[in-house]
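Structure below is model.txt: compact mmCIF, C-alpha atoms.
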# COMPACT_ATOMS: atom_id res chain seq x y z
CA MET A 106 16.08 7.89 30.38
CA LEU A 107 14.67 5.52 27.75
CA LYS A 108 16.03 4.02 24.53
CA ALA A 109 14.50 2.15 21.60
CA ILE A 110 15.89 -0.65 19.44
CA ILE A 111 14.47 -1.38 15.99
CA LEU A 112 15.33 -4.83 14.59
CA VAL A 113 15.53 -4.61 10.78
CA GLY A 114 16.89 -8.07 9.86
CA GLY A 115 18.92 -8.33 6.68
CA PRO A 116 18.98 -8.98 2.94
CA MET A 117 18.33 -12.74 3.29
CA LYS A 118 15.01 -11.84 4.90
CA GLY A 119 12.06 -10.22 3.12
CA THR A 120 12.04 -12.66 0.18
CA ARG A 121 8.22 -12.56 0.13
CA PHE A 122 8.53 -8.81 -0.42
CA ARG A 123 10.30 -9.21 -3.74
CA PRO A 124 10.57 -7.65 -6.31
CA LEU A 125 10.17 -4.51 -4.17
CA SER A 126 13.03 -5.43 -1.80
CA LEU A 127 15.43 -5.93 -4.76
CA GLU A 128 15.82 -2.15 -5.07
CA LEU A 129 15.71 -1.02 -1.45
CA PRO A 130 16.01 -2.63 2.00
CA LYS A 131 12.48 -3.62 3.03
CA PRO A 132 12.48 -1.39 6.19
CA LEU A 133 12.95 1.64 3.91
CA PHE A 134 10.00 0.80 1.63
CA PRO A 135 7.60 3.78 1.68
CA VAL A 136 4.15 3.20 3.16
CA ALA A 137 1.78 6.20 3.38
CA GLY A 138 4.57 8.39 1.98
CA PHE A 139 7.30 7.45 4.47
CA PRO A 140 9.62 4.43 5.02
CA ILE A 141 8.20 1.61 7.18
CA ILE A 142 10.64 2.30 10.04
CA TYR A 143 9.97 6.06 9.85
CA HIS A 144 6.61 5.30 11.51
CA HIS A 145 8.46 3.43 14.31
CA ILE A 146 10.88 6.32 14.82
CA GLU A 147 8.04 8.86 14.83
CA ALA A 148 6.22 6.84 17.53
CA CYS A 149 9.43 6.64 19.60
CA SER A 150 10.06 10.39 19.28
CA GLN A 151 6.76 11.09 21.06
CA VAL A 152 7.78 9.14 24.20
CA PRO A 153 8.98 11.59 26.89
CA GLY A 154 12.57 10.93 27.95
CA LEU A 155 13.45 8.68 25.00
CA ARG A 156 16.97 9.85 24.05
CA GLU A 157 18.38 7.35 21.56
CA ILE A 158 17.21 4.90 18.87
CA LEU A 159 19.46 2.00 17.84
CA VAL A 160 18.72 0.27 14.52
CA ILE A 161 20.15 -3.28 14.57
CA GLY A 162 20.44 -5.51 11.50
CA PHE A 163 22.88 -7.17 9.14
CA TYR A 164 22.37 -5.01 6.04
CA GLN A 165 25.62 -3.57 4.73
CA PRO A 166 25.53 0.19 5.47
CA ASN A 167 24.45 1.82 2.21
CA GLU A 168 23.69 5.29 0.95
CA ALA A 169 19.90 4.95 1.28
CA LEU A 170 20.14 3.77 4.91
CA ASN A 171 22.73 6.40 5.88
CA ARG A 172 20.71 9.18 4.25
CA PHE A 173 17.49 8.05 5.96
CA ILE A 174 19.13 7.94 9.41
CA SER A 175 20.72 11.36 8.88
CA GLN A 176 17.43 12.95 7.76
CA SER A 177 15.47 11.32 10.62
CA GLN A 178 17.97 12.61 13.20
CA GLN A 179 17.52 16.14 11.85
CA GLU A 180 13.72 15.91 11.72
CA PHE A 181 13.14 14.39 15.16
CA GLN A 182 16.21 15.85 16.91
CA ILE A 183 17.03 12.46 18.41
CA GLN A 184 20.18 10.35 18.24
CA ILE A 185 19.80 7.40 15.81
CA ARG A 186 22.59 4.87 15.17
CA TYR A 187 22.84 1.81 12.93
CA LEU A 188 24.60 -1.18 14.51
CA GLN A 189 25.51 -3.93 12.04
CA GLU A 190 25.56 -7.57 13.13
CA TYR A 191 28.42 -9.63 11.66
CA THR A 192 25.88 -12.38 10.87
CA ALA A 193 22.20 -13.09 11.55
CA LEU A 194 22.05 -13.40 15.36
CA GLY A 195 18.30 -13.90 15.83
CA THR A 196 15.76 -11.57 17.42
CA ALA A 197 17.66 -11.40 20.74
CA GLY A 198 21.23 -12.19 19.64
CA GLY A 199 21.80 -8.67 18.31
CA ILE A 200 20.43 -7.14 21.53
CA TYR A 201 22.88 -9.20 23.61
CA HIS A 202 25.77 -8.59 21.20
CA PHE A 203 25.32 -4.80 21.45
CA ARG A 204 24.47 -4.79 25.18
CA ASP A 205 27.21 -2.26 26.01
CA GLN A 206 25.85 0.26 23.50
CA ILE A 207 22.29 -0.29 24.79
CA LEU A 208 23.27 0.12 28.46
CA THR A 209 25.44 3.22 27.89
CA GLY A 210 23.86 6.14 29.77
CA SER A 211 22.05 3.74 32.16
CA PRO A 212 18.55 3.68 30.60
CA GLU A 213 15.85 2.59 33.02
CA MET A 214 13.93 0.85 30.21
CA PHE A 215 14.22 0.27 26.47
CA PHE A 216 11.77 -0.64 23.71
CA VAL A 217 12.46 -3.39 21.18
CA MET A 218 10.43 -3.14 17.95
CA ASN A 219 10.39 -5.46 14.95
CA ALA A 220 10.61 -3.46 11.73
CA ASP A 221 8.15 -5.65 9.82
CA VAL A 222 5.12 -4.73 11.94
CA CYS A 223 2.98 -1.64 11.54
CA GLY A 224 0.38 -0.10 13.76
CA ASP A 225 -0.78 2.62 16.07
CA PHE A 226 1.90 1.88 18.68
CA PRO A 227 0.83 2.69 22.30
CA LEU A 228 4.40 3.20 23.57
CA CYS A 229 3.62 5.83 26.22
CA ASP A 230 0.81 3.63 27.56
CA MET A 231 3.24 0.70 27.88
CA VAL A 232 5.66 2.81 29.97
CA GLN A 233 2.82 3.96 32.21
CA PHE A 234 1.53 0.38 32.55
CA HIS A 235 5.00 -0.80 33.64
CA LYS A 236 5.38 1.93 36.26
CA GLU A 237 1.88 1.58 37.71
CA LYS A 238 1.02 -2.12 37.39
CA CYS A 239 4.24 -4.17 37.28
CA PRO A 240 7.35 -2.17 38.26
CA GLU A 241 9.17 -5.41 39.17
CA ALA A 242 8.75 -6.94 35.66
CA SER A 243 11.75 -7.23 33.36
CA GLY A 244 9.65 -7.40 30.19
CA ILE A 245 6.30 -6.33 28.74
CA ILE A 246 4.93 -7.68 25.44
CA LEU A 247 2.39 -5.73 23.39
CA GLY A 248 -0.47 -8.17 22.71
CA THR A 249 -3.57 -8.11 20.54
CA GLU A 250 -6.41 -10.51 19.84
CA ALA A 251 -6.67 -12.74 16.75
CA THR A 252 -9.15 -15.39 15.63
CA ARG A 253 -8.71 -18.92 17.01
CA GLN A 254 -7.46 -20.22 13.67
CA GLN A 255 -5.08 -17.34 12.90
CA SER A 256 -3.59 -17.25 16.41
CA GLN A 257 -1.63 -20.42 15.57
CA ASN A 258 0.50 -18.40 13.10
CA TYR A 259 1.82 -16.15 15.90
CA GLY A 260 3.31 -16.34 19.37
CA CYS A 261 0.39 -17.11 21.72
CA ILE A 262 0.10 -15.67 25.22
CA VAL A 263 -1.88 -17.07 28.17
CA GLU A 264 -2.33 -14.29 30.71
CA ASN A 265 -3.68 -13.80 34.21
CA LYS A 266 -6.73 -11.63 33.36
CA ASP A 267 -6.45 -9.63 36.58
CA THR A 268 -2.73 -8.82 36.67
CA HIS A 269 -1.84 -9.36 32.95
CA GLU A 270 1.08 -11.55 34.01
CA ILE A 271 2.09 -14.01 31.27
CA LEU A 272 1.53 -17.54 32.59
CA HIS A 273 2.39 -19.42 29.42
CA TYR A 274 3.95 -18.54 26.05
CA VAL A 275 4.02 -20.72 22.91
CA GLU A 276 5.51 -19.70 19.55
CA LYS A 277 3.27 -20.79 16.62
CA PRO A 278 1.52 -23.68 18.38
CA GLU A 279 0.10 -26.65 16.46
CA THR A 280 -3.23 -26.45 18.29
CA PHE A 281 -5.22 -23.54 19.73
CA VAL A 282 -3.68 -22.10 22.91
CA SER A 283 -4.97 -18.53 23.24
CA PRO A 284 -6.39 -15.80 20.98
CA LEU A 285 -3.96 -13.26 22.54
CA ILE A 286 -0.92 -12.91 20.26
CA ASN A 287 2.50 -11.28 20.38
CA CYS A 288 2.72 -8.02 18.37
CA GLY A 289 6.52 -7.92 18.15
CA ILE A 290 6.77 -4.74 20.28
CA TYR A 291 8.42 -5.06 23.71
CA LEU A 292 9.47 -2.94 26.69
CA PHE A 293 12.40 -4.30 28.75
CA THR A 294 14.36 -3.24 31.80
CA PRO A 295 18.16 -3.86 31.89
CA GLU A 296 17.49 -6.94 34.08
CA ILE A 297 16.60 -8.83 30.89
CA PHE A 298 20.34 -9.05 30.08
CA SER A 299 20.92 -11.51 32.93
CA THR A 300 18.41 -13.88 31.26
CA LEU A 301 20.04 -13.26 27.86
CA GLU A 302 23.47 -14.06 29.33
CA VAL A 303 22.31 -17.37 30.81
CA THR A 304 20.70 -18.36 27.49
CA PHE A 305 23.75 -17.29 25.46
CA LYS A 306 26.15 -19.32 27.62
CA LYS A 307 23.84 -22.34 27.62
CA ASN A 308 23.61 -22.21 23.80
CA LEU A 309 27.40 -22.09 23.54
CA GLU A 310 27.84 -25.01 25.94
CA ASP A 311 25.18 -27.13 24.25
CA ASN A 312 26.60 -26.58 20.78
CA TYR A 313 30.35 -26.46 21.43
CA ASN A 314 32.28 -29.19 19.66
CA PHE A 315 35.86 -28.28 18.53
CA ASP A 316 34.86 -28.80 14.88
CA PHE A 317 36.13 -25.80 12.93
CA GLN A 318 33.61 -26.50 10.13
CA THR A 319 30.60 -26.10 12.45
CA PRO A 320 29.98 -22.48 13.47
CA SER A 321 29.26 -21.88 17.15
CA LYS A 322 25.58 -21.16 17.85
CA GLU A 323 25.29 -17.51 18.86
CA VAL A 324 21.69 -17.10 17.71
CA ILE A 325 19.27 -16.20 20.50
CA ARG A 326 15.56 -16.13 19.67
CA LEU A 327 13.61 -13.77 21.89
CA GLU A 328 10.38 -15.71 21.49
CA GLN A 329 11.54 -19.31 22.06
CA ASP A 330 14.69 -18.83 24.19
CA ILE A 331 13.62 -15.94 26.46
CA PHE A 332 9.82 -15.64 26.70
CA ILE A 333 9.06 -19.34 27.24
CA PRO A 334 11.32 -19.72 30.33
CA LEU A 335 10.32 -16.26 31.68
CA ALA A 336 6.59 -17.07 31.62
CA ASN A 337 4.99 -17.62 35.03
CA THR A 338 7.97 -16.13 36.93
CA LYS A 339 6.34 -12.72 37.62
CA GLN A 340 8.94 -11.23 35.24
CA LEU A 341 6.90 -11.07 32.02
CA PHE A 342 3.63 -9.19 31.47
CA VAL A 343 1.39 -8.41 28.51
CA PHE A 344 -0.12 -5.03 27.57
CA PRO A 345 -3.25 -5.80 25.47
CA THR A 346 -4.19 -3.29 22.78
CA THR A 347 -7.23 -2.93 20.53
CA ARG A 348 -5.52 -0.41 18.24
CA PHE A 349 -4.62 -1.19 14.62
CA TRP A 350 -1.74 -3.67 14.21
CA SER A 351 -0.54 -5.81 11.31
CA GLN A 352 2.58 -7.45 9.90
CA ILE A 353 4.23 -6.35 6.65
CA LYS A 354 5.46 -9.62 5.18
CA SER A 355 4.35 -9.20 1.56
CA ALA A 356 3.55 -6.51 -0.99
CA GLY A 357 -0.18 -7.01 -0.34
CA ALA A 358 0.41 -6.32 3.35
CA ALA A 359 2.09 -3.00 2.40
CA VAL A 360 -1.07 -1.84 0.60
CA TYR A 361 -3.14 -2.87 3.65
CA ALA A 362 -0.76 -1.01 6.00
CA ASN A 363 -0.88 2.03 3.69
CA ARG A 364 -4.66 2.20 4.17
CA HIS A 365 -4.42 2.15 7.96
CA TYR A 366 -1.53 4.62 8.26
CA LEU A 367 -3.46 7.07 6.05
CA ALA A 368 -6.47 6.66 8.39
CA ILE A 369 -4.20 7.34 11.41
CA TYR A 370 -3.06 10.59 9.70
CA GLN A 371 -6.62 11.93 10.12
CA ARG A 372 -5.91 12.11 13.85
CA THR A 373 -2.15 12.70 13.95
CA HIS A 374 -1.22 14.55 10.72
CA PRO A 375 -4.31 15.86 8.86
CA GLU A 376 -2.00 18.22 6.92
CA ARG A 377 -0.47 15.20 5.13
CA LEU A 378 -3.78 14.23 3.51
CA ALA A 379 -4.81 15.75 0.17
CA LYS A 380 -7.91 17.95 0.05
CA ASN A 381 -10.42 18.65 -2.71
CA GLY A 382 -10.27 22.13 -4.20
CA GLU A 383 -10.38 24.35 -7.28
CA GLY A 384 -7.92 23.12 -9.92
CA GLN A 385 -7.10 20.04 -7.83
CA PRO A 386 -7.68 16.37 -8.65
CA LYS A 387 -10.80 14.75 -7.19
CA ILE A 388 -9.92 13.14 -3.86
CA ILE A 389 -12.01 10.29 -2.40
CA GLY A 390 -11.18 9.21 1.16
CA ASP A 391 -7.58 9.27 2.44
CA VAL A 392 -4.91 10.19 -0.12
CA PHE A 393 -1.26 11.23 0.34
CA ILE A 394 0.31 13.20 -2.53
CA HIS A 395 4.00 14.14 -2.29
CA PRO A 396 4.53 17.91 -2.83
CA THR A 397 6.84 17.21 -5.81
CA ALA A 398 4.26 15.06 -7.66
CA SER A 399 2.43 16.43 -10.70
CA VAL A 400 -1.24 15.37 -10.76
CA HIS A 401 -3.67 16.47 -13.49
CA PRO A 402 -6.85 18.14 -12.15
CA THR A 403 -9.07 15.63 -14.02
CA ALA A 404 -7.50 12.63 -12.21
CA VAL A 405 -9.56 10.81 -9.55
CA LEU A 406 -7.56 9.43 -6.61
CA GLY A 407 -8.65 7.35 -3.64
CA PRO A 408 -9.55 5.95 -1.35
CA ASN A 409 -6.24 4.86 0.24
CA VAL A 410 -3.72 6.03 -2.35
CA THR A 411 -0.13 7.19 -1.90
CA ILE A 412 1.51 9.17 -4.71
CA GLY A 413 5.30 9.35 -4.24
CA ARG A 414 8.02 11.85 -5.02
CA ASN A 415 8.21 13.20 -8.62
CA VAL A 416 5.32 11.04 -9.86
CA THR A 417 3.41 12.25 -12.93
CA VAL A 418 -0.33 11.47 -13.07
CA GLY A 419 -1.95 12.29 -16.42
CA GLU A 420 -5.39 13.38 -17.57
CA GLY A 421 -8.40 11.29 -16.51
CA VAL A 422 -6.34 8.76 -14.52
CA ARG A 423 -8.16 6.67 -11.88
CA VAL A 424 -6.18 5.28 -8.90
CA ARG A 425 -7.59 3.34 -5.94
CA GLU A 426 -5.99 1.33 -3.05
CA THR A 427 -2.53 1.74 -4.57
CA ILE A 428 1.02 2.86 -3.78
CA VAL A 429 2.73 4.72 -6.65
CA LEU A 430 6.49 4.96 -6.05
CA GLU A 431 9.00 7.70 -6.86
CA GLY A 432 9.35 8.82 -10.49
CA ALA A 433 6.51 6.69 -11.89
CA ASN A 434 4.51 8.02 -14.85
CA LEU A 435 0.77 7.21 -15.11
CA GLN A 436 -0.25 8.27 -18.59
CA ASP A 437 -3.66 9.62 -19.61
CA HIS A 438 -6.80 7.66 -18.73
CA CYS A 439 -5.04 4.63 -17.24
CA CYS A 440 -6.70 2.85 -14.31
CA ILE A 441 -4.70 1.45 -11.37
CA LEU A 442 -6.52 -0.60 -8.70
CA HIS A 443 -5.07 -2.60 -5.73
CA SER A 444 -1.52 -2.38 -7.04
CA ILE A 445 2.00 -1.11 -6.41
CA VAL A 446 3.66 0.75 -9.28
CA GLY A 447 7.46 0.63 -8.96
CA TRP A 448 10.11 3.34 -9.11
CA HIS A 449 10.40 5.13 -12.50
CA SER A 450 7.91 2.79 -14.20
CA THR A 451 5.49 3.94 -16.90
CA VAL A 452 1.88 2.83 -17.38
CA GLY A 453 0.59 3.58 -20.89
CA VAL A 454 -2.53 5.40 -22.11
CA TRP A 455 -5.88 3.65 -21.41
CA THR A 456 -4.13 0.73 -19.69
CA ARG A 457 -5.70 -1.08 -16.75
CA VAL A 458 -3.52 -2.48 -13.93
CA GLU A 459 -5.51 -4.37 -11.32
CA GLY A 460 -4.87 -6.72 -8.39
CA THR A 461 -6.97 -8.68 -5.91
CA PRO A 462 -6.76 -7.57 -2.26
CA ASN A 463 -6.45 -10.23 0.45
CA ASP A 464 -8.01 -8.21 3.26
CA PRO A 465 -9.00 -9.74 6.61
CA ASN A 466 -12.48 -11.27 6.74
CA PRO A 467 -14.74 -8.35 7.81
CA ASN A 468 -17.28 -10.80 9.28
CA LYS A 469 -14.81 -12.20 11.82
CA PRO A 470 -13.94 -9.97 14.79
CA PHE A 471 -10.17 -9.67 15.40
CA ALA A 472 -9.33 -11.23 11.99
CA LYS A 473 -5.79 -10.41 10.86
CA LEU A 474 -4.40 -10.10 7.33
CA GLU A 475 -3.73 -13.50 5.78
CA ILE A 476 -0.42 -13.94 3.94
CA PRO A 477 -1.43 -16.59 1.38
CA CYS A 478 1.03 -18.87 -0.41
CA MET A 479 2.19 -17.43 -3.73
CA PHE A 480 1.12 -20.57 -5.59
CA SER A 481 -1.94 -22.80 -5.24
CA SER A 482 -1.68 -26.58 -4.81
CA ASP A 483 -1.93 -27.09 -8.59
CA GLY A 484 0.94 -24.68 -9.28
CA ARG A 485 -1.09 -21.64 -10.33
CA LEU A 486 -0.33 -18.12 -9.07
CA ASN A 487 -2.82 -17.20 -6.34
CA PRO A 488 -4.67 -13.92 -7.05
CA SER A 489 -3.06 -11.05 -5.15
CA ILE A 490 -2.26 -7.39 -5.64
CA THR A 491 -0.40 -6.55 -8.86
CA VAL A 492 3.21 -5.48 -8.31
CA ILE A 493 5.11 -3.67 -11.06
CA GLY A 494 8.86 -3.55 -10.34
CA SER A 495 11.13 -0.60 -11.02
CA ASN A 496 11.81 0.78 -14.53
CA VAL A 497 9.03 -1.26 -16.18
CA GLN A 498 7.34 -0.04 -19.37
CA VAL A 499 3.66 -1.07 -19.58
CA PRO A 500 2.31 -0.33 -23.10
CA SER A 501 -0.94 1.46 -23.95
CA GLU A 502 -4.35 -0.23 -24.02
CA VAL A 503 -3.48 -3.48 -22.23
CA ILE A 504 -4.69 -5.19 -19.05
CA ILE A 505 -2.30 -6.43 -16.33
CA LEU A 506 -4.28 -8.51 -13.80
CA ASN A 507 -3.02 -10.20 -10.59
CA SER A 508 0.55 -10.27 -11.89
CA ILE A 509 4.07 -9.62 -10.61
CA VAL A 510 6.48 -7.89 -12.99
CA LEU A 511 10.19 -7.95 -12.19
CA PRO A 512 12.32 -4.81 -12.73
CA HIS A 513 13.53 -3.49 -16.12
CA LYS A 514 10.89 -5.20 -18.29
CA ASP A 515 9.26 -3.84 -21.45
CA LEU A 516 5.84 -5.52 -21.63
CA ASN A 517 4.19 -6.06 -24.99
CA GLY A 518 0.69 -7.35 -24.23
CA CYS A 519 -1.88 -8.35 -21.64
CA TYR A 520 -1.01 -10.58 -18.67
CA LYS A 521 -3.21 -12.37 -16.15
CA ASN A 522 -2.05 -14.36 -13.06
CA GLN A 523 1.58 -14.41 -14.17
CA ILE A 524 5.05 -13.66 -12.86
CA ILE A 525 6.90 -11.86 -15.64
CA LEU A 526 10.60 -12.67 -15.31

Taking this structure as input, can you express it in the form of structure tokens?
Amino acid sequence: MLKAIILVGGPMKGTRFRPLSLELPKPLFPVAGFPIIYHHIEACSQVPGLREILVIGFYQPNEALNRFISQSQQEFQIQIRYLQEYTALGTAGGIYHFRDQILTGSPEMFFVMNADVCGDFPLCDMVQFHKEKCPEASGIILGTEATRQQSQNYGCIVENKDTHEILHYVEKPETFVSPLINCGIYLFTPEIFSTLEVTFKKNLEDNYNFDFQTPSKEVIRLEQDIFIPLANTKQLFVFPTTRFWSQIKSAGAAVYANRHYLAIYQRTHPERLAKNGEGQPKIIGDVFIHPTASVHPTAVLGPNVTIGRNVTVGEGVRVRETIVLEGANLQDHCCILHSIVGWHSTVGVWTRVEGTPNDPNPNKPFAKLEIPCMFSSDGRLNPSITVIGSNVQVPSEVIILNSIVLPHKDLNGCYKNQIIL
């Protein structure tokens, strides 16, 4: 029997995802028509023998989260539970805190997945790799290759090329260590809890000081506290993958992930992609249109567009590389490029909303998505995708370029490279 744990963090995290995370917990933000962690749950549901998924974080249980978990249980016929941390416990602290719930039913292995990554997760291959190549290992990390320069922004893995044993692990090194990076997807056996226990007790001892104003240190970081000491002990291995993988740290990363999940649908769920036909809008490339959306036949959508629930798309509208969220209204002949249009927002007639994508360099093999700083060194807003928050009214015949609009705003003109508060 197998289990899976999805680490969703909490409301203090995801600040780079604002204003989109002001309305909804970031793990529930829809990418390619479904919440980010829906794609994790779907991947887990296809692993034979996986019986339970535990979602661990420190969000207060809310209606959106409860409804999502209830609907996912019904759809995938798998037990899903939300376990709330009393405070932020780090990437491994929550796993150790809820060890009894994880070990109930005596699972032989369990996955741990970070919610802010997306990809074509090879979970079944990881289980097979563990059974065939390293049955004595207590942990397997999913790894992928990055450029020399970008690898320093991730956890770097030095492996034995023949056995894939991890010989050395460094989290965000200052100099180049290895192009092989940690994807934030792991497969553990219950033996990992003995290492977690040693680390937890050591942290308590090291930080214990009878001062009631200083909280005891119960944070355990999987990367620094567990992987570094486990390297080169024949306990930790890496499973390299060449499949699509990326992080979702910013709104621009959500548009990039949207493109790749839509491409994956061609293989896994072709029925989710819109088709060209009589009386239908013109579709270019991969497009997801929710069944409740109303799209005028003269609209042109794609490539890489997601149209959400109850969206209205008017006559002659052009949309490309964009996520349009629930209840939005795109009025006649507007043009939306490289943007996210928020919940229940309206874009006026003949208006142009455009952003600048920050895609990986296509000339560099293994290049990953860069998450640039929001501001340049001289204090200007760096060009990025345009994000329109929820319940925003964009007037007719204006241009919104490389801007971020916070929720509940009535715009009255053109904006370029601005944050509209």

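Across A:Ala472, A:Cys149, A:Ala169, A:Ala137, the tightest approach to Asn409 of chain A is made by A:Ala137 when counting all atoms listed in the file.
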
Residue among A:Pro408, A:Gly248, A:Gly390, A:Gly413 lying closest to Met231 of chain A, counting all atoms listed in the file: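 For Met231 of chain A, the nearest of the given residues is A:Gly248.
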
Contact residues around His395 of chain A with all atoms listed in the file at 7 Å, ignoring same-chain residues under 3 positions, as an NGL selection string: :A and (398 or 412-414)

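Closest approach to Gly138 of chain A from the set A:Asn381, A:Ser299, A:Thr411, A:Gln523 is made by A:Thr411, with distances taken over only C-alpha atoms.
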
Residue neighbourhood segment 275-281 of chain A, 7 Å, all atoms listed in the file, exclusion window fewer than 3 positions, as an MDAnalysis selection string: chainID A and resid 253 257:262 328:329 333

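Using only C-alpha atoms, the shortest contact distance between Thr338 of chain A and any of A:Asn463, A:Asn308, A:Ser243, A:Ser211 is found at A:Ser243.
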
Nearest-residue call for Gly244 of chain A, choices A:Pro295, A:Pro284, A:Gly484, A:Pro135, using only C-alpha atoms: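 Counting only C-alpha atoms, the residue closest to Gly244 of chain A is A:Pro295.
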
Sphere at (-1.9, 5.2, 3.4), radius 12 Å, counting all atoms listed in the file: residues as JSON, numbers by chain: {"A": [135, 136, 137, 138, 139, 140, 141, 144, 223, 224, 358, 359, 360, 361, 362, 363, 364, 365, 366, 367, 368, 369, 370, 371, 374, 377, 378, 379, 390, 391, 392, 393, 394, 407, 408, 409, 410, 411, 412, 413, 425, 426, 427, 428, 429]}

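With all atoms listed in the file taken into account, the protein and nucleic acid residues at most 7 Å from segment 119-133 of chain A (excluding it and anything under 4 positions from it in its own chain) are Val113, Pro140, Ile141, Ile142, Ala220, Lys354, Ser355, Ala356, Gly494 and Leu511 of chain A.
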
Nearest-residue call for Leu442 of chain A, choices A:Ala336, A:Val492, A:Ala148, A:Ser482, using all atoms listed in the file: A:Val492

Polymer residues at most 9 Å from Leu188 of chain A, all atoms listed in the file, same-chain spacing of 2 or more positions, as a VMD selection string: chain A and resid 159 to 163 186 190 199 203

For the residues selected in the previous step, produce a file with C-alpha atoms as an mmCIF file, in the frame of the given file.
data_model
loop_
_atom_site.group_PDB
_atom_site.id
_atom_site.type_symbol
_atom_site.label_atom_id
_atom_site.label_comp_id
_atom_site.auth_asym_id
_atom_site.auth_seq_id
_atom_site.Cartn_x
_atom_site.Cartn_y
_atom_site.Cartn_z
ATOM 1 C CA LEU A 159 19.460 2.000 17.840
ATOM 2 C CA VAL A 160 18.720 0.270 14.520
ATOM 3 C CA ILE A 161 20.150 -3.280 14.570
ATOM 4 C CA GLY A 162 20.440 -5.510 11.500
ATOM 5 C CA PHE A 163 22.880 -7.170 9.140
ATOM 6 C CA ARG A 186 22.590 4.870 15.170
ATOM 7 C CA GLU A 190 25.560 -7.570 13.130
ATOM 8 C CA GLY A 199 21.800 -8.670 18.310
ATOM 9 C CA PHE A 203 25.320 -4.800 21.450
#

Within 6 Å of (0.8, -5.3, 28.8) (coordinates as in the file), grab all the protein and nucleic acid residues, counting all atoms listed in the file, and write them out as a short mmCIF file (atom, residue, chain, number, x, y, z; two decimals) with C-alpha atoms, keeping the file's coordinate frame.
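The resulting file, part.cif, is shown below:
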data_model
loop_
_atom_site.label_atom_id
_atom_site.label_comp_id
_atom_site.auth_asym_id
_atom_site.auth_seq_id
_atom_site.Cartn_x
_atom_site.Cartn_y
_atom_site.Cartn_z
CA ILE A 245 6.30 -6.33 28.74
CA ILE A 246 4.93 -7.68 25.44
CA LEU A 247 2.39 -5.73 23.39
CA PHE A 342 3.63 -9.19 31.47
CA VAL A 343 1.39 -8.41 28.51
CA PHE A 344 -0.12 -5.03 27.57
CA PRO A 345 -3.25 -5.80 25.47
#

Interatomic distance, atom CA of Gln233 of chain A to atom CA of Ile158 of chain A (Å, one decimal): 19.6 Å
